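Raw contents of model-v2.cif, mmCIF, C-alpha atoms and all ligand atoms:
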```
data_upload
loop_
_atom_site.group_PDB
_atom_site.id
_atom_site.type_symbol
_atom_site.label_atom_id
_atom_site.label_comp_id
_atom_site.auth_asym_id
_atom_site.auth_seq_id
_atom_site.Cartn_x
_atom_site.Cartn_y
_atom_site.Cartn_z
ATOM 1 C CA MET U 1 9.155 7.040 -2.935
ATOM 2 C CA PRO U 2 5.705 5.712 -3.724
ATOM 3 C CA GLY U 3 6.183 2.693 -5.934
ATOM 4 C CA ARG U 4 4.018 1.927 -8.916
ATOM 5 C CA GLY U 5 1.046 -0.124 -7.835
ATOM 6 C CA GLN U 6 1.269 1.041 -4.247
ATOM 7 C CA GLU U 7 -2.083 0.592 -2.538
ATOM 8 C CA LEU U 8 -3.908 0.761 0.735
ATOM 9 C CA VAL U 9 -6.312 -2.102 1.378
ATOM 10 C CA VAL U 10 -9.088 -1.436 3.898
ATOM 11 C CA MET U 11 -10.581 -4.633 5.288
ATOM 12 C CA ALA U 12 -14.233 -4.536 6.369
ATOM 13 C CA GLY U 13 -16.242 -7.240 8.091
ATOM 14 C CA LEU U 14 -17.632 -8.404 11.397
ATOM 15 C CA GLN U 15 -15.546 -10.015 14.118
ATOM 16 C CA GLY U 16 -14.931 -13.607 13.020
ATOM 17 C CA SER U 17 -15.813 -12.902 9.377
ATOM 18 C CA GLY U 18 -12.356 -14.079 8.287
ATOM 19 C CA LYS U 19 -10.439 -10.845 7.646
ATOM 20 C CA SER U 20 -7.134 -11.810 9.243
ATOM 21 C CA THR U 21 -7.241 -15.239 7.606
ATOM 22 C CA TRP U 22 -7.855 -13.633 4.204
ATOM 23 C CA VAL U 23 -5.030 -11.147 4.757
ATOM 24 C CA ARG U 24 -2.631 -13.965 5.639
ATOM 25 C CA GLU U 25 -3.628 -15.925 2.549
ATOM 26 C CA HIS U 26 -3.636 -13.049 0.044
ATOM 27 C CA LEU U 27 -1.473 -10.153 1.182
ATOM 28 C CA ALA U 28 1.277 -11.658 3.322
ATOM 29 C CA GLY U 29 4.643 -10.671 1.917
ATOM 30 C CA THR U 30 3.335 -7.822 -0.237
ATOM 31 C CA HIS U 31 1.541 -5.550 2.243
ATOM 32 C CA ALA U 32 2.432 -4.232 5.677
ATOM 33 C CA VAL U 33 -0.343 -5.318 8.036
ATOM 34 C CA VAL U 34 -1.622 -2.665 10.428
ATOM 35 C CA SER U 35 -4.254 -3.425 13.042
ATOM 36 C CA LYS U 36 -5.360 -1.756 16.221
ATOM 37 C CA ASP U 37 -5.558 -5.300 17.612
ATOM 38 C CA HIS U 38 -1.752 -5.253 17.721
ATOM 39 C CA TRP U 39 -1.960 -2.685 20.512
ATOM 40 C CA PRO U 40 -4.800 -3.973 22.702
ATOM 41 C CA ASN U 41 -3.873 -1.817 25.663
ATOM 42 C CA ALA U 42 -2.578 1.331 24.020
ATOM 43 C CA ARG U 43 -4.438 4.577 24.503
ATOM 44 C CA ARG U 44 -5.499 6.514 21.438
ATOM 45 C CA ARG U 45 -5.198 3.459 19.225
ATOM 46 C CA GLU U 46 -7.079 5.169 16.421
ATOM 47 C CA ALA U 47 -4.619 8.073 16.227
ATOM 48 C CA ARG U 48 -1.692 5.689 16.471
ATOM 49 C CA GLN U 49 -3.047 3.559 13.658
ATOM 50 C CA ARG U 50 -3.524 6.580 11.403
ATOM 51 C CA ARG U 51 0.029 7.712 12.078
ATOM 52 C CA VAL U 52 1.502 4.280 11.320
ATOM 53 C CA VAL U 53 -0.515 3.994 8.093
ATOM 54 C CA ALA U 54 0.624 7.443 6.937
ATOM 55 C CA GLU U 55 4.269 6.640 7.724
ATOM 56 C CA LEU U 56 4.235 3.328 5.872
ATOM 57 C CA LEU U 57 2.549 4.886 2.842
ATOM 58 C CA ALA U 58 5.110 7.723 2.841
ATOM 59 C CA GLU U 59 7.867 5.085 2.772
ATOM 60 C CA GLY U 60 6.276 3.597 -0.336
ATOM 61 C CA CYS U 61 4.870 0.444 1.257
ATOM 62 C CA SER U 62 1.561 -1.098 0.337
ATOM 63 C CA VAL U 63 -0.501 -1.413 3.487
ATOM 64 C CA VAL U 64 -3.547 -3.367 4.673
ATOM 65 C CA VAL U 65 -5.625 -2.186 7.629
ATOM 66 C CA ASP U 66 -7.090 -5.262 9.306
ATOM 67 C CA ASN U 67 -9.952 -4.028 11.507
ATOM 68 C CA THR U 68 -13.725 -4.339 11.315
ATOM 69 C CA ASN U 69 -13.902 -0.800 9.796
ATOM 70 C CA PRO U 70 -17.722 -0.971 9.946
ATOM 71 C CA THR U 71 -18.836 2.493 8.816
ATOM 72 C CA PRO U 72 -17.966 5.070 6.156
ATOM 73 C CA GLU U 73 -16.852 7.341 9.014
ATOM 74 C CA ASP U 74 -14.328 4.724 10.148
ATOM 75 C CA ARG U 75 -13.021 4.290 6.611
ATOM 76 C CA ALA U 76 -12.896 7.929 5.440
ATOM 77 C CA PRO U 77 -9.582 8.817 7.158
ATOM 78 C CA LEU U 78 -7.973 5.781 5.525
ATOM 79 C CA VAL U 79 -9.228 6.727 2.060
ATOM 80 C CA ALA U 80 -7.891 10.234 2.679
ATOM 81 C CA ALA U 81 -4.485 8.909 3.789
ATOM 82 C CA ALA U 82 -4.144 6.861 0.610
ATOM 83 C CA ARG U 83 -5.079 9.855 -1.534
ATOM 84 C CA MET U 84 -2.570 12.055 0.311
ATOM 85 C CA ALA U 85 0.141 9.511 -0.469
ATOM 86 C CA GLY U 86 -0.882 9.116 -4.098
ATOM 87 C CA ALA U 87 -1.622 5.425 -3.520
ATOM 88 C CA GLY U 88 -4.562 3.387 -4.758
ATOM 89 C CA VAL U 89 -7.218 2.403 -2.242
ATOM 90 C CA ARG U 90 -9.330 -0.741 -2.245
ATOM 91 C CA ALA U 91 -11.851 -2.178 0.188
ATOM 92 C CA VAL U 92 -12.146 -5.907 0.799
ATOM 93 C CA TRP U 93 -15.469 -6.832 2.394
ATOM 94 C CA LEU U 94 -15.776 -10.207 4.108
ATOM 95 C CA ASP U 95 -19.507 -10.685 3.585
ATOM 96 C CA THR U 96 -19.935 -13.464 6.143
ATOM 97 C CA PRO U 97 -23.373 -13.839 7.769
ATOM 98 C CA LEU U 98 -23.690 -12.820 11.426
ATOM 99 C CA VAL U 99 -24.745 -16.349 12.422
ATOM 100 C CA THR U 100 -21.532 -17.758 10.918
ATOM 101 C CA CYS U 101 -19.404 -15.101 12.635
ATOM 102 C CA ALA U 102 -21.115 -15.864 15.947
ATOM 103 C CA ALA U 103 -20.464 -19.603 15.589
ATOM 104 C CA ARG U 104 -16.800 -19.019 14.709
ATOM 105 C CA ASN U 105 -16.458 -16.609 17.610
ATOM 106 C CA ASP U 106 -17.894 -19.192 20.019
ATOM 107 C CA ALA U 107 -15.295 -21.678 18.812
ATOM 108 C CA ARG U 108 -12.398 -19.300 19.480
ATOM 109 C CA GLU U 109 -10.178 -19.515 22.535
ATOM 110 C CA GLY U 110 -9.074 -16.857 24.995
ATOM 111 C CA ARG U 111 -8.543 -13.327 23.888
ATOM 112 C CA ALA U 112 -9.546 -14.005 20.296
ATOM 113 C CA ARG U 113 -13.140 -14.556 21.467
ATOM 114 C CA VAL U 114 -14.956 -11.234 21.575
ATOM 115 C CA PRO U 115 -17.996 -10.483 23.770
ATOM 116 C CA PRO U 116 -21.165 -11.313 21.790
ATOM 117 C CA ALA U 117 -22.465 -7.782 22.454
ATOM 118 C CA GLY U 118 -19.456 -6.423 20.566
ATOM 119 C CA LEU U 119 -20.227 -8.605 17.574
ATOM 120 C CA TYR U 120 -23.935 -7.673 17.559
ATOM 121 C CA GLY U 121 -23.079 -3.991 17.997
ATOM 122 C CA THR U 122 -20.798 -4.076 14.973
ATOM 123 C CA ALA U 123 -23.476 -5.917 12.971
ATOM 124 C CA ARG U 124 -26.001 -3.176 13.760
ATOM 125 C CA ARG U 125 -23.677 -0.386 12.708
ATOM 126 C CA PHE U 126 -22.122 -2.101 9.700
ATOM 127 C CA VAL U 127 -22.471 -0.367 6.330
ATOM 128 C CA PRO U 128 -20.982 -2.205 3.329
ATOM 129 C CA PRO U 129 -18.094 -0.311 1.743
ATOM 130 C CA SER U 130 -18.855 1.386 -1.559
ATOM 131 C CA THR U 131 -16.952 3.157 -4.326
ATOM 132 C CA ALA U 132 -19.009 6.243 -3.406
ATOM 133 C CA GLU U 133 -16.679 6.555 -0.387
ATOM 134 C CA GLY U 134 -13.718 6.992 -2.730
ATOM 135 C CA PHE U 135 -12.486 3.418 -3.082
ATOM 136 C CA ASP U 136 -11.088 2.550 -6.513
ATOM 137 C CA ARG U 137 -12.626 -0.874 -6.084
ATOM 138 C CA VAL U 138 -14.614 -2.932 -3.569
ATOM 139 C CA ASP U 139 -13.914 -6.660 -3.555
ATOM 140 C CA VAL U 140 -16.618 -8.785 -1.933
ATOM 141 C CA VAL U 141 -15.517 -12.079 -0.404
ATOM 142 C CA PRO U 142 -18.480 -14.385 0.214
ATOM 143 C CA ALA U 143 -18.464 -16.694 3.247
ATOM 144 C CA GLY U 144 -16.142 -19.587 2.468
HETATM 145 N N1 LIG U 201 -13.140 -19.103 4.854
HETATM 146 C C1 LIG U 201 -13.249 -19.627 6.082
HETATM 147 N N2 LIG U 201 -13.935 -20.763 6.285
HETATM 148 C C2 LIG U 201 -14.069 -21.295 7.517
HETATM 149 N N3 LIG U 201 -13.522 -20.757 8.630
HETATM 150 C C3 LIG U 201 -12.822 -19.633 8.492
HETATM 151 C C4 LIG U 201 -12.646 -18.992 7.222
HETATM 152 N N4 LIG U 201 -11.921 -17.877 7.395
HETATM 153 C C5 LIG U 201 -11.655 -17.814 8.713
HETATM 154 N N5 LIG U 201 -12.184 -18.868 9.358
HETATM 155 C C6 LIG U 201 -12.103 -19.119 10.812
HETATM 156 O O1 LIG U 201 -12.927 -18.169 11.461
HETATM 157 C C7 LIG U 201 -12.307 -17.672 12.631
HETATM 158 C C8 LIG U 201 -12.188 -16.172 12.509
HETATM 159 O O2 LIG U 201 -11.302 -15.845 11.433
HETATM 160 P P1 LIG U 201 -10.401 -14.540 11.485
HETATM 161 O O3 LIG U 201 -9.572 -14.511 12.718
HETATM 162 O O4 LIG U 201 -9.702 -14.494 10.170
HETATM 163 O O5 LIG U 201 -11.545 -13.425 11.561
HETATM 164 P P2 LIG U 201 -11.425 -11.824 11.682
HETATM 165 O O6 LIG U 201 -12.399 -11.243 10.739
HETATM 166 O O7 LIG U 201 -9.998 -11.431 11.541
HETATM 167 O O8 LIG U 201 -11.928 -11.543 13.179
HETATM 168 P P3 LIG U 201 -11.567 -10.278 14.153
HETATM 169 O O9 LIG U 201 -12.286 -9.083 13.619
HETATM 170 O O10 LIG U 201 -12.125 -10.670 15.485
HETATM 171 O O11 LIG U 201 -10.080 -10.124 14.149
HETATM 172 C C9 LIG U 201 -10.977 -18.385 12.747
HETATM 173 O O12 LIG U 201 -11.134 -19.456 13.648
HETATM 174 C C10 LIG U 201 -10.707 -18.878 11.337
HETATM 175 O O13 LIG U 201 -9.940 -20.051 11.356
HETATM 176 MG MG MG U 202 -8.699 -10.408 12.813
#
```
Once more with this new file: its structure as structure tokens, please.
Amino acid sequence: MPGRGQELVVMAGLQGSGKSTWVREHLAGTHAVVSKDHWPNARRREARQRRVVAELLAEGCSVVVDNTNPTPEDRAPLVAAARMAGAGVRAVWLDTPLVTCAARNDAREGRARVPPAGLYGTARRFVPPSTAEGFDRVDVVPAG
């Protein structure tokens, strides 16, 4: 049963922009956190993520998808899933400069550190989320 105020939050931002930190600080306890990063080795992670999001929304949970979600094409299936479930849908954009993301990435240890080419590739493709994509709202979080 979709509860009143049920929503899907779509995070958007480069690697190291602070998405997971923001989710922990703002949505822990209220939203189920879904991220492809939870299944680093699974095949068809995209399909799996969509299925998990749809299931959680159908159960009435509010959900946050914590990935880079860099383009409208990446975000469109999530907007559609929220609409299908009758839930609200909001984007949260961590608008952290590339140079800051790169410095934070360099300071990370082990698996959390992504190859610089991955970061620069995401930066090239990144399109800020907009209400034109169907979001009820876009919240912009400046670099902290
Ligand atoms: N507001 C902030 N100010 C300073 N440092 C921050 C801030 N938010 C996050 N960080 C630091 O930046 C690093 C990256 O943060 P985080 O893991 O939240 O990024 P992310 O966007 O989830 O990255 P990824 O896409 O790779 O999962 C961490 O070391 C974190 O402690
Ligand atoms: Mg993260």
Using all atoms listed in the file, determine which residues lie at most 12 Å from stretch 68-71 of chain U, disregarding the query and same-chain residues fewer than 5 positions distant; provide the list as number ranges by chain. U: 9-20, 35-37, 46, 76-79, 91-95, 118-130, 133
Output C-alpha atoms for every residue in that selection, as a PDB file, in the coordinates of the input.
```
ATOM      1  CA  VAL U   9      -6.312  -2.102   1.378  1.00  0.00           C
ATOM      2  CA  VAL U  10      -9.088  -1.436   3.898  1.00  0.00           C
ATOM      3  CA  MET U  11     -10.581  -4.633   5.288  1.00  0.00           C
ATOM      4  CA  ALA U  12     -14.233  -4.536   6.369  1.00  0.00           C
ATOM      5  CA  GLY U  13     -16.242  -7.240   8.091  1.00  0.00           C
ATOM      6  CA  LEU U  14     -17.632  -8.404  11.397  1.00  0.00           C
ATOM      7  CA  GLN U  15     -15.546 -10.015  14.118  1.00  0.00           C
ATOM      8  CA  GLY U  16     -14.931 -13.607  13.020  1.00  0.00           C
ATOM      9  CA  SER U  17     -15.813 -12.902   9.377  1.00  0.00           C
ATOM     10  CA  GLY U  18     -12.356 -14.079   8.287  1.00  0.00           C
ATOM     11  CA  LYS U  19     -10.439 -10.845   7.646  1.00  0.00           C
ATOM     12  CA  SER U  20      -7.134 -11.810   9.243  1.00  0.00           C
ATOM     13  CA  SER U  35      -4.254  -3.425  13.042  1.00  0.00           C
ATOM     14  CA  LYS U  36      -5.360  -1.756  16.221  1.00  0.00           C
ATOM     15  CA  ASP U  37      -5.558  -5.300  17.612  1.00  0.00           C
ATOM     16  CA  GLU U  46      -7.079   5.169  16.421  1.00  0.00           C
ATOM     17  CA  ALA U  76     -12.896   7.929   5.440  1.00  0.00           C
ATOM     18  CA  PRO U  77      -9.582   8.817   7.158  1.00  0.00           C
ATOM     19  CA  LEU U  78      -7.973   5.781   5.525  1.00  0.00           C
ATOM     20  CA  VAL U  79      -9.228   6.727   2.060  1.00  0.00           C
ATOM     21  CA  ALA U  91     -11.851  -2.178   0.188  1.00  0.00           C
ATOM     22  CA  VAL U  92     -12.146  -5.907   0.799  1.00  0.00           C
ATOM     23  CA  TRP U  93     -15.469  -6.832   2.394  1.00  0.00           C
ATOM     24  CA  LEU U  94     -15.776 -10.207   4.108  1.00  0.00           C
ATOM     25  CA  ASP U  95     -19.507 -10.685   3.585  1.00  0.00           C
ATOM     26  CA  GLY U 118     -19.456  -6.423  20.566  1.00  0.00           C
ATOM     27  CA  LEU U 119     -20.227  -8.605  17.574  1.00  0.00           C
ATOM     28  CA  TYR U 120     -23.935  -7.673  17.559  1.00  0.00           C
ATOM     29  CA  GLY U 121     -23.079  -3.991  17.997  1.00  0.00           C
ATOM     30  CA  THR U 122     -20.798  -4.076  14.973  1.00  0.00           C
ATOM     31  CA  ALA U 123     -23.476  -5.917  12.971  1.00  0.00           C
ATOM     32  CA  ARG U 124     -26.001  -3.176  13.760  1.00  0.00           C
ATOM     33  CA  ARG U 125     -23.677  -0.386  12.708  1.00  0.00           C
ATOM     34  CA  PHE U 126     -22.122  -2.101   9.700  1.00  0.00           C
ATOM     35  CA  VAL U 127     -22.471  -0.367   6.330  1.00  0.00           C
ATOM     36  CA  PRO U 128     -20.982  -2.205   3.329  1.00  0.00           C
ATOM     37  CA  PRO U 129     -18.094  -0.311   1.743  1.00  0.00           C
ATOM     38  CA  SER U 130     -18.855   1.386  -1.559  1.00  0.00           C
ATOM     39  CA  GLU U 133     -16.679   6.555  -0.387  1.00  0.00           C
TER      40      GLU U 133
END
```
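With only C-alpha atoms and all ligand atoms as the atoms that count, the residue of U:Ala28, U:Val89, U:Ala112, U:Ala54 with the shortest distance to ligand LIG 201 (chain U) is U:Ala112.
Taking all atoms listed in the file, the non-local environment of U:His31 within 7 Å (same-chain residues fewer than 6 positions away omitted) comprises Cys61, Ser62, Val63 and Val64 of chain U.
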Please indicate the distance in Å from atom CA of U:Asp74 to atom CA of U:Ala42, rounded to one decimal place.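 Atom-to-atom, atom CA of U:Asp74 and atom CA of U:Ala42 are spaced 18.5 Å apart.
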Tell me, in Å to one decimal, how far atom O13 of ligand LIG 201 (chain U) is from atom CA of U:Pro72. 26.9 Å
Measure the distance from atom CA of U:Arg45 to atom N2 of ligand LIG 201 (chain U) in Å and round it to one decimal.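 We find that atom CA of U:Arg45 and atom N2 of ligand LIG 201 (chain U) lie 28.8 Å from each other.
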Closest of U:Ala58, U:Val141, U:Ala132, U:Val53 to ligand LIG 201 (chain U) - atom-to-atom distances counting only C-alpha atoms and all ligand atoms: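 Smallest separation from ligand LIG 201 (chain U) among the options: U:Val141.
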Taking the point (-5.8, 3.3, -3.2) as given in the file, collect each protein or nucleic acid residue that comes within 8 Å of it, counting all atoms listed in the file, and present the set as a list of chain:residue names.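 Residues with an atom close enough to that point: U:Gln6, U:Glu7, U:Leu8, U:Val9, U:Val79, U:Ala82, U:Arg83, U:Gly86, U:Ala87, U:Gly88, U:Val89, U:Arg90, U:Phe135, U:Asp136.
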So, with only C-alpha atoms as the atoms that count, which of U:Arg51, U:Val99, U:Arg24, U:Ala80 lies closest to U:Asp66?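 When distances to U:Asp66 are compared using only C-alpha atoms, the smallest one comes from U:Arg24.
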Have a look at U:Gln49, U:Thr96, U:Asn67, U:Thr30 and name the one nearest to ligand MG 202 (chain U); count all atoms listed in the file.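 Residue with the minimum atom-to-atom distance to ligand MG 202 (chain U): U:Asn67.
Minimum distance to ligand LIG 201 (chain U) across U:Ala117, U:Val138, U:Val33, U:Ala103 (counting only C-alpha atoms and all ligand atoms) occurs at U:Ala103.
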Using only C-alpha atoms and all ligand atoms, can you tell me which of U:Leu57, U:Ala85, U:Val52, U:Val23 comes closest to ligand LIG 201 (chain U)?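 Selected residue with least distance to ligand LIG 201 (chain U): U:Val23.
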Edge lengths and centre in Å to one decimal, as AutoDock Vina command-line options, is what I'm after for the box along x, y and z that holds all listed atoms of stretch 35-42 of chain U once 3 Å is added on each side.
```
--center_x -3.7 --center_y -2.0 --center_z 19.4 --size_x 9.8 --size_y 12.6 --size_z 18.6
```
Take the structure in the block and write a file for stretch 59-84 of chain U, N, CA, C and O atoms, as a PDB file, in the first residue's frame.
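Final output, decode_9.pdb:
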```pdb
ATOM      1  N   GLU U  59       5.825  -2.160  -2.307  1.00  0.00           N
ATOM      2  CA  GLU U  59       5.592  -2.452  -0.876  1.00  0.00           C
ATOM      3  C   GLU U  59       5.256  -1.193  -0.089  1.00  0.00           C
ATOM      4  O   GLU U  59       4.956  -1.268   1.097  1.00  0.00           O
ATOM      5  N   GLY U  60       5.386  -0.033  -0.735  1.00  0.00           N
ATOM      6  CA  GLY U  60       5.043   1.212  -0.051  1.00  0.00           C
ATOM      7  C   GLY U  60       6.217   1.942   0.561  1.00  0.00           C
ATOM      8  O   GLY U  60       6.048   2.960   1.238  1.00  0.00           O
ATOM      9  N   CYS U  61       7.431   1.434   0.339  1.00  0.00           N
ATOM     10  CA  CYS U  61       8.622   2.074   0.900  1.00  0.00           C
ATOM     11  C   CYS U  61       8.987   3.325   0.107  1.00  0.00           C
ATOM     12  O   CYS U  61       8.792   3.383  -1.100  1.00  0.00           O
ATOM     13  N   SER U  62       9.553   4.307   0.788  1.00  0.00           N
ATOM     14  CA  SER U  62      10.295   5.350   0.097  1.00  0.00           C
ATOM     15  C   SER U  62      11.692   4.815  -0.178  1.00  0.00           C
ATOM     16  O   SER U  62      12.243   4.057   0.615  1.00  0.00           O
ATOM     17  N   VAL U  63      12.238   5.215  -1.315  1.00  0.00           N
ATOM     18  CA  VAL U  63      13.470   4.607  -1.811  1.00  0.00           C
ATOM     19  C   VAL U  63      14.409   5.716  -2.284  1.00  0.00           C
ATOM     20  O   VAL U  63      13.959   6.727  -2.838  1.00  0.00           O
ATOM     21  N   VAL U  64      15.714   5.518  -2.072  1.00  0.00           N
ATOM     22  CA  VAL U  64      16.714   6.401  -2.682  1.00  0.00           C
ATOM     23  C   VAL U  64      17.661   5.547  -3.511  1.00  0.00           C
ATOM     24  O   VAL U  64      18.116   4.501  -3.058  1.00  0.00           O
ATOM     25  N   VAL U  65      17.918   5.999  -4.736  1.00  0.00           N
ATOM     26  CA  VAL U  65      18.853   5.300  -5.625  1.00  0.00           C
ATOM     27  C   VAL U  65      20.164   6.070  -5.634  1.00  0.00           C
ATOM     28  O   VAL U  65      20.251   7.191  -6.148  1.00  0.00           O
ATOM     29  N   ASP U  66      21.181   5.453  -5.028  1.00  0.00           N
ATOM     30  CA  ASP U  66      22.466   6.116  -4.791  1.00  0.00           C
ATOM     31  C   ASP U  66      23.501   5.658  -5.816  1.00  0.00           C
ATOM     32  O   ASP U  66      24.344   4.802  -5.539  1.00  0.00           O
ATOM     33  N   ASN U  67      23.400   6.232  -7.022  1.00  0.00           N
ATOM     34  CA  ASN U  67      24.382   6.022  -8.088  1.00  0.00           C
ATOM     35  C   ASN U  67      24.713   7.382  -8.675  1.00  0.00           C
ATOM     36  O   ASN U  67      24.052   8.364  -8.355  1.00  0.00           O
ATOM     37  N   THR U  68      25.661   7.404  -9.621  1.00  0.00           N
ATOM     38  CA  THR U  68      25.988   8.680 -10.261  1.00  0.00           C
ATOM     39  C   THR U  68      24.829   9.188 -11.119  1.00  0.00           C
ATOM     40  O   THR U  68      24.651  10.390 -11.258  1.00  0.00           O
ATOM     41  N   ASN U  69      24.051   8.290 -11.714  1.00  0.00           N
ATOM     42  CA  ASN U  69      22.874   8.654 -12.533  1.00  0.00           C
ATOM     43  C   ASN U  69      23.137   9.907 -13.382  1.00  0.00           C
ATOM     44  O   ASN U  69      22.430  10.915 -13.254  1.00  0.00           O
ATOM     45  N   PRO U  70      24.135   9.835 -14.278  1.00  0.00           N
ATOM     46  CA  PRO U  70      24.647  11.059 -14.923  1.00  0.00           C
ATOM     47  C   PRO U  70      23.808  11.648 -16.055  1.00  0.00           C
ATOM     48  O   PRO U  70      23.955  12.838 -16.336  1.00  0.00           O
ATOM     49  N   THR U  71      22.943  10.855 -16.674  1.00  0.00           N
ATOM     50  CA  THR U  71      22.225  11.391 -17.847  1.00  0.00           C
ATOM     51  C   THR U  71      20.719  11.215 -17.703  1.00  0.00           C
ATOM     52  O   THR U  71      20.242  10.364 -16.950  1.00  0.00           O
ATOM     53  N   PRO U  72      19.955  11.987 -18.461  1.00  0.00           N
ATOM     54  CA  PRO U  72      18.494  11.801 -18.460  1.00  0.00           C
ATOM     55  C   PRO U  72      18.101  10.378 -18.823  1.00  0.00           C
ATOM     56  O   PRO U  72      17.125   9.848 -18.279  1.00  0.00           O
ATOM     57  N   GLU U  73      18.891   9.732 -19.700  1.00  0.00           N
ATOM     58  CA  GLU U  73      18.592   8.353 -20.094  1.00  0.00           C
ATOM     59  C   GLU U  73      18.752   7.394 -18.913  1.00  0.00           C
ATOM     60  O   GLU U  73      18.006   6.430 -18.779  1.00  0.00           O
ATOM     61  N   ASP U  74      19.737   7.657 -18.066  1.00  0.00           N
ATOM     62  CA  ASP U  74      19.921   6.830 -16.866  1.00  0.00           C
ATOM     63  C   ASP U  74      18.764   7.024 -15.885  1.00  0.00           C
ATOM     64  O   ASP U  74      18.377   6.103 -15.176  1.00  0.00           O
ATOM     65  N   ARG U  75      18.247   8.242 -15.840  1.00  0.00           N
ATOM     66  CA  ARG U  75      17.249   8.575 -14.811  1.00  0.00           C
ATOM     67  C   ARG U  75      15.816   8.271 -15.241  1.00  0.00           C
ATOM     68  O   ARG U  75      14.936   8.067 -14.391  1.00  0.00           O
ATOM     69  N   ALA U  76      15.558   8.236 -16.552  1.00  0.00           N
ATOM     70  CA  ALA U  76      14.186   8.081 -17.048  1.00  0.00           C
ATOM     71  C   ALA U  76      13.483   6.824 -16.519  1.00  0.00           C
ATOM     72  O   ALA U  76      12.310   6.901 -16.124  1.00  0.00           O
ATOM     73  N   PRO U  77      14.149   5.665 -16.481  1.00  0.00           N
ATOM     74  CA  PRO U  77      13.451   4.471 -15.974  1.00  0.00           C
ATOM     75  C   PRO U  77      13.059   4.614 -14.509  1.00  0.00           C
ATOM     76  O   PRO U  77      12.068   4.025 -14.068  1.00  0.00           O
ATOM     77  N   LEU U  78      13.835   5.389 -13.759  1.00  0.00           N
ATOM     78  CA  LEU U  78      13.533   5.584 -12.337  1.00  0.00           C
ATOM     79  C   LEU U  78      12.331   6.504 -12.172  1.00  0.00           C
ATOM     80  O   LEU U  78      11.444   6.259 -11.353  1.00  0.00           O
ATOM     81  N   VAL U  79      12.288   7.574 -12.969  1.00  0.00           N
ATOM     82  CA  VAL U  79      11.121   8.461 -12.951  1.00  0.00           C
ATOM     83  C   VAL U  79       9.872   7.656 -13.313  1.00  0.00           C
ATOM     84  O   VAL U  79       8.824   7.767 -12.659  1.00  0.00           O
ATOM     85  N   ALA U  80       9.998   6.808 -14.323  1.00  0.00           N
ATOM     86  CA  ALA U  80       8.855   5.998 -14.761  1.00  0.00           C
ATOM     87  C   ALA U  80       8.409   5.041 -13.665  1.00  0.00           C
ATOM     88  O   ALA U  80       7.200   4.853 -13.449  1.00  0.00           O
ATOM     89  N   ALA U  81       9.358   4.435 -12.954  1.00  0.00           N
ATOM     90  CA  ALA U  81       9.018   3.492 -11.884  1.00  0.00           C
ATOM     91  C   ALA U  81       8.250   4.191 -10.768  1.00  0.00           C
ATOM     92  O   ALA U  81       7.290   3.643 -10.217  1.00  0.00           O
ATOM     93  N   ALA U  82       8.671   5.405 -10.436  1.00  0.00           N
ATOM     94  CA  ALA U  82       7.970   6.153  -9.386  1.00  0.00           C
ATOM     95  C   ALA U  82       6.545   6.486  -9.836  1.00  0.00           C
ATOM     96  O   ALA U  82       5.589   6.349  -9.059  1.00  0.00           O
ATOM     97  N   ARG U  83       6.406   6.893 -11.073  1.00  0.00           N
ATOM     98  CA  ARG U  83       5.074   7.225 -11.599  1.00  0.00           C
ATOM     99  C   ARG U  83       4.158   6.006 -11.587  1.00  0.00           C
ATOM    100  O   ARG U  83       2.991   6.089 -11.208  1.00  0.00           O
ATOM    101  N   MET U  84       4.721   4.864 -12.007  1.00  0.00           N
ATOM    102  CA  MET U  84       3.956   3.605 -12.021  1.00  0.00           C
ATOM    103  C   MET U  84       3.418   3.281 -10.634  1.00  0.00           C
ATOM    104  O   MET U  84       2.325   2.742 -10.484  1.00  0.00           O
TER     105      MET U  84
END
```
